[in-house]
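Enquirer: Contents are compact mmCIF, C-alpha atoms and all ligand atoms; file name coords_20.txt:
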# COMPACT_ATOMS: atom_id res chain seq x y z
CA MET A 1 -110.05 72.49 174.87
CA ASP A 2 -113.50 71.55 173.62
CA TRP A 3 -114.03 67.95 174.76
CA LYS A 4 -116.20 67.15 171.76
CA ILE A 5 -113.37 68.01 169.41
CA GLU A 6 -110.79 65.87 171.18
CA GLN A 7 -113.17 62.90 171.59
CA ILE A 8 -112.02 59.96 169.47
CA ILE A 9 -114.42 58.23 167.06
CA GLU A 10 -114.35 54.90 168.95
CA ASP A 11 -115.41 56.62 172.14
CA LYS A 12 -118.24 58.40 170.35
CA GLN A 13 -119.42 55.05 169.04
CA VAL A 14 -119.26 53.34 172.43
CA GLN A 15 -121.24 56.21 173.97
CA GLN A 16 -123.83 56.10 171.20
CA GLU A 17 -124.31 52.34 171.63
CA LEU A 18 -124.69 52.79 175.36
CA ARG A 19 -127.29 55.55 174.97
CA GLU A 20 -129.30 53.32 172.66
CA LYS A 21 -129.44 50.58 175.31
CA GLY A 22 -131.88 52.49 177.51
CA LYS A 23 -132.19 55.28 179.98
CA LEU A 24 -128.99 56.73 181.38
CA PRO A 25 -129.05 57.71 185.05
CA ARG A 26 -129.77 61.43 185.42
CA HIS A 27 -127.65 61.74 188.52
CA VAL A 28 -124.54 59.65 189.19
CA ALA A 29 -122.79 59.92 192.56
CA ILE A 30 -119.35 58.41 193.15
CA ILE A 31 -117.44 57.46 196.28
CA MET A 32 -113.93 57.75 194.92
CA ASP A 33 -112.15 55.27 197.18
CA GLY A 34 -108.87 53.34 197.14
CA ASN A 35 -106.23 55.92 196.19
CA GLY A 36 -104.03 54.90 199.11
CA ARG A 37 -104.22 51.15 198.51
CA TRP A 38 -103.61 51.61 194.78
CA ALA A 39 -100.41 53.49 195.56
CA LEU A 40 -99.15 51.25 198.35
CA GLU A 41 -99.60 48.11 196.22
CA LYS A 42 -97.41 49.74 193.60
CA GLY A 43 -94.77 50.75 196.15
CA LEU A 44 -95.73 54.42 195.79
CA THR A 45 -96.73 56.95 198.41
CA ARG A 46 -100.39 57.68 199.23
CA THR A 47 -99.85 61.13 197.74
CA GLU A 48 -99.09 59.53 194.37
CA GLY A 49 -102.38 57.67 194.69
CA HIS A 50 -104.29 60.89 195.27
CA LYS A 51 -102.55 62.50 192.28
CA GLU A 52 -103.46 59.61 190.01
CA GLY A 53 -106.98 59.79 191.40
CA ILE A 54 -107.27 63.30 189.98
CA GLU A 55 -106.59 61.87 186.51
CA SER A 56 -109.62 59.63 187.02
CA VAL A 57 -111.69 62.63 188.07
CA ARG A 58 -110.69 64.39 184.84
CA ASP A 59 -111.63 61.42 182.69
CA ILE A 60 -114.94 60.63 184.39
CA VAL A 61 -116.04 64.27 184.34
CA LYS A 62 -115.33 64.49 180.59
CA ALA A 63 -116.99 61.17 179.81
CA SER A 64 -120.08 62.09 181.87
CA SER A 65 -120.41 65.42 180.15
CA LEU A 66 -119.99 63.94 176.69
CA ILE A 67 -122.41 61.07 177.16
CA GLY A 68 -125.07 63.40 178.52
CA ILE A 69 -125.28 62.68 182.25
CA GLU A 70 -127.07 65.62 183.89
CA CYS A 71 -125.49 65.53 187.34
CA LEU A 72 -122.28 64.02 188.66
CA THR A 73 -121.57 64.23 192.38
CA LEU A 74 -118.11 63.30 193.59
CA TYR A 75 -117.31 62.46 197.20
CA ALA A 76 -113.89 64.04 197.41
CA PHE A 77 -113.46 64.62 201.15
CA SER A 78 -115.70 63.44 203.96
CA ILE A 79 -116.27 65.24 207.22
CA GLU A 80 -114.58 62.24 208.88
CA ASN A 81 -111.51 62.61 206.62
CA TRP A 82 -110.42 65.55 208.82
CA LYS A 83 -109.34 62.84 211.29
CA ARG A 84 -106.56 61.68 208.93
CA PRO A 85 -102.93 62.60 209.63
CA VAL A 86 -102.41 66.38 209.30
CA HIS A 87 -99.85 65.80 206.57
CA GLU A 88 -102.30 63.87 204.39
CA VAL A 89 -105.12 66.38 204.95
CA GLY A 90 -102.71 69.15 203.92
CA ILE A 91 -101.81 67.31 200.72
CA LEU A 92 -105.45 66.66 199.85
CA MET A 93 -106.27 70.37 200.31
CA LYS A 94 -103.30 71.39 198.14
CA LEU A 95 -104.40 68.96 195.42
CA LEU A 96 -107.92 70.32 195.58
CA GLU A 97 -106.59 73.85 195.25
CA HIS A 98 -104.48 72.82 192.28
CA TYR A 99 -107.39 70.99 190.61
CA LEU A 100 -109.70 73.97 190.93
CA LYS A 101 -107.07 76.37 189.61
CA SER A 102 -106.00 74.28 186.66
CA GLU A 103 -109.38 72.91 185.55
CA LEU A 104 -111.74 75.84 185.96
CA ASP A 105 -111.32 77.39 182.51
CA GLU A 106 -111.72 74.08 180.71
CA LEU A 107 -114.77 73.10 182.76
CA HIS A 108 -116.34 76.47 182.01
CA GLU A 109 -115.49 76.22 178.32
CA ASN A 110 -117.31 72.88 178.26
CA ASN A 111 -120.45 74.28 179.84
CA VAL A 112 -120.01 72.48 183.20
CA ARG A 113 -121.81 74.00 186.20
CA ILE A 114 -119.79 73.58 189.37
CA LYS A 115 -121.32 73.21 192.80
CA ALA A 116 -120.02 72.20 196.20
CA ILE A 117 -121.80 70.63 199.17
CA GLY A 118 -120.54 70.11 202.70
CA LYS A 119 -119.26 72.10 205.64
CA LEU A 120 -117.40 74.40 203.30
CA ASN A 121 -116.39 76.92 205.93
CA SER A 122 -114.01 74.33 207.43
CA LEU A 123 -111.97 74.31 204.22
CA PRO A 124 -108.85 76.48 203.88
CA LYS A 125 -109.73 80.07 202.91
CA VAL A 126 -107.94 79.78 199.58
CA VAL A 127 -110.03 76.73 198.64
CA GLN A 128 -113.24 78.49 199.73
CA LYS A 129 -112.35 81.45 197.50
CA LEU A 130 -111.61 79.20 194.52
CA LEU A 131 -114.88 77.34 195.01
CA HIS A 132 -116.78 80.59 195.19
CA LYS A 133 -115.10 81.77 191.99
CA ALA A 134 -115.82 78.48 190.21
CA MET A 135 -119.47 78.42 191.28
CA THR A 136 -120.06 82.06 190.32
CA LEU A 137 -118.33 81.78 186.96
CA THR A 138 -120.19 78.62 185.94
CA SER A 139 -123.58 79.29 187.55
CA ASN A 140 -125.37 79.91 184.25
CA ASN A 141 -123.87 76.94 182.43
CA THR A 142 -126.36 74.41 181.16
CA GLY A 143 -124.27 71.26 180.70
CA LEU A 144 -123.17 68.75 183.32
CA THR A 145 -123.73 69.79 186.94
CA LEU A 146 -120.58 68.74 188.75
CA THR A 147 -121.03 68.74 192.52
CA LEU A 148 -117.99 68.29 194.74
CA ALA A 149 -118.79 66.90 198.18
CA LEU A 150 -116.16 68.46 200.42
CA SER A 151 -116.03 68.18 204.18
CA TYR A 152 -119.39 66.54 203.57
CA GLY A 153 -121.32 64.14 205.74
CA GLY A 154 -124.87 62.90 205.25
CA ARG A 155 -125.59 63.15 208.97
CA TRP A 156 -124.12 66.64 209.13
CA ASP A 157 -126.47 67.72 206.35
CA ILE A 158 -129.52 66.09 207.97
CA VAL A 159 -128.78 67.62 211.38
CA ARG A 160 -128.27 71.01 209.75
CA ALA A 161 -131.61 70.69 207.97
CA VAL A 162 -133.31 69.88 211.28
CA GLN A 163 -131.72 72.98 212.84
CA LEU A 164 -132.83 75.21 209.95
CA ILE A 165 -136.38 73.85 210.04
CA SER A 166 -136.52 74.32 213.83
CA LEU A 167 -135.46 77.95 213.43
CA ASP A 168 -138.20 78.49 210.85
CA VAL A 169 -140.74 76.87 213.18
CA ARG A 170 -139.62 79.15 216.00
CA ARG A 171 -139.94 82.19 213.74
CA GLY A 172 -143.45 81.07 212.83
CA LYS A 173 -142.51 80.65 209.14
CA VAL A 174 -143.50 76.98 209.08
CA SER A 175 -145.51 74.75 211.36
CA PRO A 176 -144.53 71.17 212.26
CA GLU A 177 -147.44 69.82 210.18
CA ASP A 178 -145.83 71.33 207.05
CA ILE A 179 -142.84 68.99 207.35
CA SER A 180 -142.96 66.42 204.57
CA ASP A 181 -140.39 64.46 202.52
CA GLU A 182 -140.21 67.18 199.88
CA MET A 183 -140.11 69.98 202.39
CA PHE A 184 -137.30 68.27 204.33
CA SER A 185 -135.32 67.73 201.11
CA SER A 186 -135.56 71.44 200.38
CA TYR A 187 -133.50 72.17 203.52
CA LEU A 188 -130.62 69.89 202.50
CA SER A 189 -127.52 71.10 200.68
CA THR A 190 -128.57 68.89 197.73
CA LYS A 191 -131.89 70.73 197.35
CA ASP A 192 -131.23 71.75 193.74
CA LEU A 193 -130.23 68.23 192.64
CA PRO A 194 -132.46 65.30 191.77
CA ASP A 195 -131.89 62.28 194.05
CA PRO A 196 -128.99 60.16 192.79
CA ASP A 197 -130.11 57.36 190.48
CA TYR A 198 -126.80 55.57 190.71
CA LEU A 199 -124.09 55.37 193.34
CA ILE A 200 -120.74 53.94 192.30
CA ARG A 201 -118.11 53.03 194.88
CA THR A 202 -114.63 51.92 193.93
CA SER A 203 -112.20 49.71 195.87
CA GLY A 204 -114.71 47.07 196.94
CA GLU A 205 -115.91 48.61 200.21
CA MET A 206 -119.58 47.91 200.79
CA ARG A 207 -120.65 50.92 202.78
CA LEU A 208 -122.01 54.43 202.33
CA SER A 209 -119.42 56.12 204.58
CA ASN A 210 -121.91 58.89 205.42
CA PHE A 211 -122.57 59.86 201.78
CA LEU A 212 -126.01 61.13 200.68
CA LEU A 213 -127.84 59.16 203.39
CA TRP A 214 -131.26 60.74 202.83
CA GLU A 215 -130.96 61.09 199.06
CA MET A 216 -129.95 57.46 198.47
CA ALA A 217 -133.27 56.04 199.71
CA TYR A 218 -133.95 54.49 196.28
CA GLY A 219 -130.67 54.95 194.42
CA GLU A 220 -129.13 51.94 192.71
CA ILE A 221 -125.69 50.86 193.94
CA PHE A 222 -122.67 49.60 192.00
CA ILE A 223 -119.51 48.49 193.77
CA THR A 224 -116.36 47.63 191.86
CA ASP A 225 -113.12 46.16 193.21
CA ASN A 226 -111.09 48.53 191.06
CA TYR A 227 -109.33 51.29 192.93
CA TRP A 228 -110.29 54.87 192.05
CA PRO A 229 -107.04 55.65 190.15
CA GLU A 230 -107.84 52.72 187.82
CA PHE A 231 -111.42 53.83 187.27
CA ARG A 232 -111.45 55.45 183.84
CA ARG A 233 -114.22 55.78 181.26
CA ASP A 234 -114.14 52.14 180.06
CA LEU A 235 -114.99 50.93 183.56
CA PHE A 236 -117.49 53.77 183.92
CA TYR A 237 -119.30 52.59 180.78
CA GLN A 238 -119.46 49.05 182.21
CA ALA A 239 -121.04 50.45 185.36
CA LEU A 240 -123.57 52.43 183.32
CA GLU A 241 -124.42 49.34 181.33
CA SER A 242 -125.21 47.49 184.55
CA TYR A 243 -127.55 50.32 185.58
CA MET A 244 -129.44 50.06 182.34
CA THR A 245 -130.31 46.41 182.87
CA ARG A 246 -131.94 47.04 186.23
CA GLU A 247 -135.59 47.35 187.05
CA ARG A 248 -136.28 50.13 189.54
CA ARG A 249 -139.46 49.21 191.33
CA PHE A 250 -139.70 51.85 194.10
CA GLY A 251 -141.69 49.43 196.22
CA LYS A 252 -144.07 48.39 193.46
CA THR A 253 -144.31 44.99 191.73
CA SER A 254 -142.83 44.16 188.35
CA GLN A 255 -146.34 43.64 187.00
CA GLN A 256 -147.42 47.14 188.00
CA LEU A 257 -144.44 48.63 186.24
CA SER A 258 -145.09 46.83 182.96
CA ASP A 259 -148.80 47.73 183.17
CA ASN A 260 -147.86 51.38 183.66
CA GLU A 261 -145.46 51.26 180.75
CA LYS A 262 -148.15 49.70 178.57
CA GLY A 263 -150.63 52.30 179.81
CA SER A 264 -148.39 55.21 178.93
CA LYS A 265 -147.61 53.70 175.49
CA ASP A 266 -151.35 53.15 174.87
CA SER A 267 -152.21 56.68 175.87
CA TYR A 268 -149.42 58.00 173.65
CA LEU A 269 -150.79 55.95 170.76
CA GLN A 270 -154.28 57.22 171.53
CA ARG A 271 -153.05 60.81 171.44
CA VAL A 272 -151.39 60.22 168.05
CA ILE A 273 -154.60 58.64 166.69
CA ASN A 274 -156.65 61.61 167.94
CA VAL A 275 -154.31 64.09 166.26
CA VAL A 276 -154.48 62.16 162.96
CA LYS A 277 -158.30 61.92 163.20
CA LYS A 278 -158.54 65.66 163.85
CA GLY A 279 -156.32 66.34 160.83
CA ASN A 280 -158.56 64.21 158.59
CA ARG A 281 -161.74 65.99 159.60
C1 LIG A 301 -110.00 58.02 198.61
O1 LIG A 301 -108.91 57.17 198.75
C2 LIG A 301 -109.65 59.47 198.74
C3 LIG A 301 -110.17 60.12 199.95
C4 LIG A 301 -110.87 59.56 200.89
C5 LIG A 301 -109.88 61.52 200.10
P1 LIG A 301 -108.37 56.76 200.18
O2 LIG A 301 -107.36 57.77 200.60
O3 LIG A 301 -109.48 56.54 201.12
O4 LIG A 301 -107.65 55.40 199.84
P2 LIG A 301 -107.65 54.07 200.72
O5 LIG A 301 -109.10 53.74 201.01
O6 LIG A 301 -106.89 54.36 201.96
O7 LIG A 301 -107.01 53.05 199.85
C1 LIG A 302 -115.03 57.76 201.76
O1 LIG A 302 -113.82 57.10 201.75
C2 LIG A 302 -114.83 59.23 201.57
C3 LIG A 302 -114.35 59.63 200.26
C4 LIG A 302 -114.16 58.88 199.23
C5 LIG A 302 -114.09 61.03 200.15
P1 LIG A 302 -113.06 56.70 203.10
O2 LIG A 302 -111.84 55.99 202.69
O3 LIG A 302 -112.87 57.90 203.94
O4 LIG A 302 -114.13 55.76 203.78
P2 LIG A 302 -113.98 54.67 204.94
O5 LIG A 302 -113.32 55.36 206.09
O6 LIG A 302 -113.15 53.55 204.41
O7 LIG A 302 -115.37 54.24 205.22
MG MG A 303 -110.60 54.91 201.66
Give the structure from this file in structure tokens form.
Ligand code: IPE
Ligand code: IPE
Ligand code: MG

Expert:
Amino acid sequence: MDWKIEQIIEDKQVQQELREKGKLPRHVAIIMDGNGRWALEKGLTRTEGHKEGIESVRDIVKASSLIGIECLTLYAFSIENWKRPVHEVGILMKLLEHYLKSELDELHENNVRIKAIGKLNSLPKVVQKLLHKAMTLTSNNTGLTLTLALSYGGRWDIVRAVQLISLDVRRGKVSPEDISDEMFSSYLSTKDLPDPDYLIRTSGEMRLSNFLLWEMAYGEIFITDNYWPEFRRDLFYQALESYMTRERRFGKTSQQLSDNEKGSKDSYLQRVINVVKKGNR
């Protein structure tokens, strides 16, 4: 199903109003937390919570694609989550398998490019195969880049990058002086993604839980008390609205930012004047 066709008019309007408010984040990353608590509070099993969480994934992926977010990265399973009871890990892997099987065609039809980051070779073979299929099929798509963080850990990725760089140093391909921020980033599993502009965490926990440690150096953070299964596009729009009111200073002062803005507007105006002058000559 083409998501644009099924999108209701009210939602189109809300998205349009939001876009007009300012600059949307290019890259949104989400720590999808609270499935278990959502379920237990309702007298359901944790499995029911994870199932309902998938409905939120579906809705947020669609909404992100429709509103024009470039990259959405979802923390679906951390490297530490392997320490959960075997039964729960098994259920999460089955749900992942089911999600990939049932959603792939629709994601592809809607121009979504699927990626996965993390220690993927620890995942069950069947999941690895499905991920490979999904990434290959959608590799040339130009819409939303949907990255699933699976068996992922920020420290794991950083340590792996250090190992890879060390190997290249040993082989004489790079020298220690070549190591810079950009160069280091190019050894991480997120190398093809811009740094996240916005990190959303549901369920009120105020921690990173080993997610995108390097990449989040200057990302904005939004924490909501809502559990992940409750987090649908209306709450997502509220989070985006909060992003748009923020001033990202990257270490600079407010004054410098407004001067820069003025400078770039002035130079734009100057360029327009020059073009008009040229045309009149
Ligand atoms: C998030 O919900 C899903 C995963 C970590 C896979 P949780 O399962 O962590 O739910 P809570 O935090 O126990 O409520
Ligand atoms: C973070 O949630 C990992 C994912 C959402 C996949 P957790 O529920 O595992 O995080 P902690 O253990 O509460 O920090
Ligand atoms: Mg949790």

Enquirer: Determine, for each residue of chain A having at least one atom at most 8 Å from an atom of ligand LIG 301 (chain A), the closest pair of atoms and their separation in Å to one decimal, counting only C-alpha atoms and all ligand atoms; order by chain and ascending number, as a Markdown table.

Expert:
| residue | atom | partner | partner_atom | distance |
| --- | --- | --- | --- | --- |
| A:Ile31 | CA | A:LIG301 | C1 | 7.8 |
| A:Met32 | CA | A:LIG301 | C1 | 5.4 |
| A:Asp33 | CA | A:LIG301 | C1 | 3.8 |
| A:Gly34 | CA | A:LIG301 | O7 | 3.3 |
| A:Asn35 | CA | A:LIG301 | O1 | 3.9 |
| A:Gly36 | CA | A:LIG301 | O7 | 3.6 |
| A:Arg37 | CA | A:LIG301 | O7 | 3.6 |
| A:Trp38 | CA | A:LIG301 | O7 | 6.3 |
| A:Ala39 | CA | A:LIG301 | O7 | 7.9 |
| A:Arg46 | CA | A:LIG301 | O2 | 7.1 |
| A:Gly49 | CA | A:LIG301 | O1 | 7.7 |
| A:His50 | CA | A:LIG301 | C2 | 6.5 |
| A:Gly53 | CA | A:LIG301 | C2 | 7.8 |
| A:Tyr75 | CA | A:LIG301 | C4 | 8.0 |
| A:Ala76 | CA | A:LIG301 | C5 | 5.4 |
| A:Phe77 | CA | A:LIG301 | C5 | 4.9 |
| A:Ser78 | CA | A:LIG301 | C4 | 6.9 |
| A:Asn81 | CA | A:LIG301 | C4 | 6.5 |
| A:Leu92 | CA | A:LIG301 | C5 | 6.8 |
| A:Ser203 | CA | A:LIG301 | O5 | 7.2 |
| A:Tyr227 | CA | A:LIG301 | O7 | 7.5 |
| A:Trp228 | CA | A:LIG301 | O1 | 7.2 |

Enquirer: Could you pull the residues within 8 Å of His27 of chain A, counting only C-alpha atoms, minus those fewer than 3 positions along the same chain, as an MDAnalysis selection string?

Expert: chainID A and resid 69:73 194:198

Enquirer: Could you pull the residues within 9 Å of segment 213-215 of chain A, counting only C-alpha atoms, minus those fewer than 4 positions along the same chain, as a PyMOL selection string?

Expert: chain A and resi 153-155+158+185+190+194-196+208+219

Enquirer: Report the distance between atom C3 of ligand LIG 302 (chain A) and atom CA of Val127 of chain A in Å, rounded to one decimal place.

Expert: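 Here the two named atoms are 17.7 Å from each other.
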
Enquirer: Using all atoms listed in the file, can you tell me which of A:Asp168, A:Asp11, A:Glu17, A:Glu55 comes closest to Pro229 of chain A?

Expert: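 Closest to Pro229 of chain A, using all atoms listed in the file: A:Glu55.
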
Enquirer: Axis-aligned box over every listed atom of ligand LIG 302 (chain A), padded by 5 Å per side: centre and edges in Å to one decimal, as JSON?

Expert:
{"center_x": -113.6, "center_y": 57.3, "center_z": 202.7, "size_x": 13.5, "size_y": 17.5, "size_z": 16.9}

Enquirer: Between atom CA of Leu188 of chain A and atom CA of Ile114 of chain A, what is the spacing in Å?

Expert: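 Atom-to-atom, atom CA of Ile114 of chain A and atom CA of Leu188 of chain A are spaced 17.4 Å apart.
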
Enquirer: For the atom pair atom CA of His108 of chain A and atom CA of Met244 of chain A, what is the interatomic distance in Å to one decimal place?

Expert: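 Value for the atom CA of His108 of chain A-atom CA of Met244 of chain A distance: 29.5 Å.
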
Enquirer: Restricting the calculation to all atoms listed in the file: of A:Arg201, A:Lys101, A:Lys51, A:Lys119, which residue gets closest to Leu150 of chain A?

Expert: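 Ranked by minimum distance to Leu150 of chain A, first place goes to A:Lys119.
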
Enquirer: Go through A:Thr253, A:Ser180, A:Ser186, A:Gln270 and flag the residue nearest Leu164 of chain A, using all atoms listed in the file for the distances.

Expert: A:Ser186

Enquirer: For Ser139 of chain A, please output as a list of chain:residue names all residues within 10 Å (counting all atoms listed in the file; exclusion window: fewer than 4 positions along the same chain).

Expert: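 In the requested format, the answer is A:His108, A:Asn111, A:Val112, A:Arg113, A:Ile114, A:Lys115, A:Lys133, A:Ala134, A:Met135, A:Thr145.
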
Enquirer: For Lys94 of chain A, work out the shell of residues within 12 Å, counting all atoms listed in the file and skipping chain neighbours fewer than 2 positions away, then give it as a list in words.

Expert: Thr47, His50, Lys51, His87, Glu88, Val89, Gly90, Ile91, Leu92, Leu96, Glu97, His98, Tyr99, Leu100, Lys101, Leu123, Pro124, Lys125, Val126, Val127 and Leu130 of chain A

Enquirer: Write out as a PyMOL selection string each polymer residue whose atoms come within 10 Å of Glu220 of chain A, counting only C-alpha atoms; drop sequence neighbours fewer than 4 positions from it.

Expert: chain A and resi 25+28+196-200+216+243+246-248

Enquirer: Would you please work out which residue, of A:Glu109, A:Asp234, A:Ser254, A:Lys191, is nearest to Glu10 of chain A when using all atoms listed in the file?

Expert: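 So, comparing all the options, the nearest one is A:Asp234.
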
Enquirer: Which of these, A:Val14, A:Met183, A:Leu144, A:Ile79, has the shortest distance to Arg26 of chain A once you count all atoms listed in the file?

Expert: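 So, comparing all the options, the nearest one is A:Leu144.
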
Enquirer: Identify which of the residues A:Arg171, A:Phe211, A:Leu66, A:Gly118 lies closest to Arg19 of chain A, counting only C-alpha atoms when measuring atom-to-atom distances.

Expert: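 Among A:Arg171, A:Phe211, A:Leu66, A:Gly118, it is A:Leu66 that comes nearest to Arg19 of chain A.
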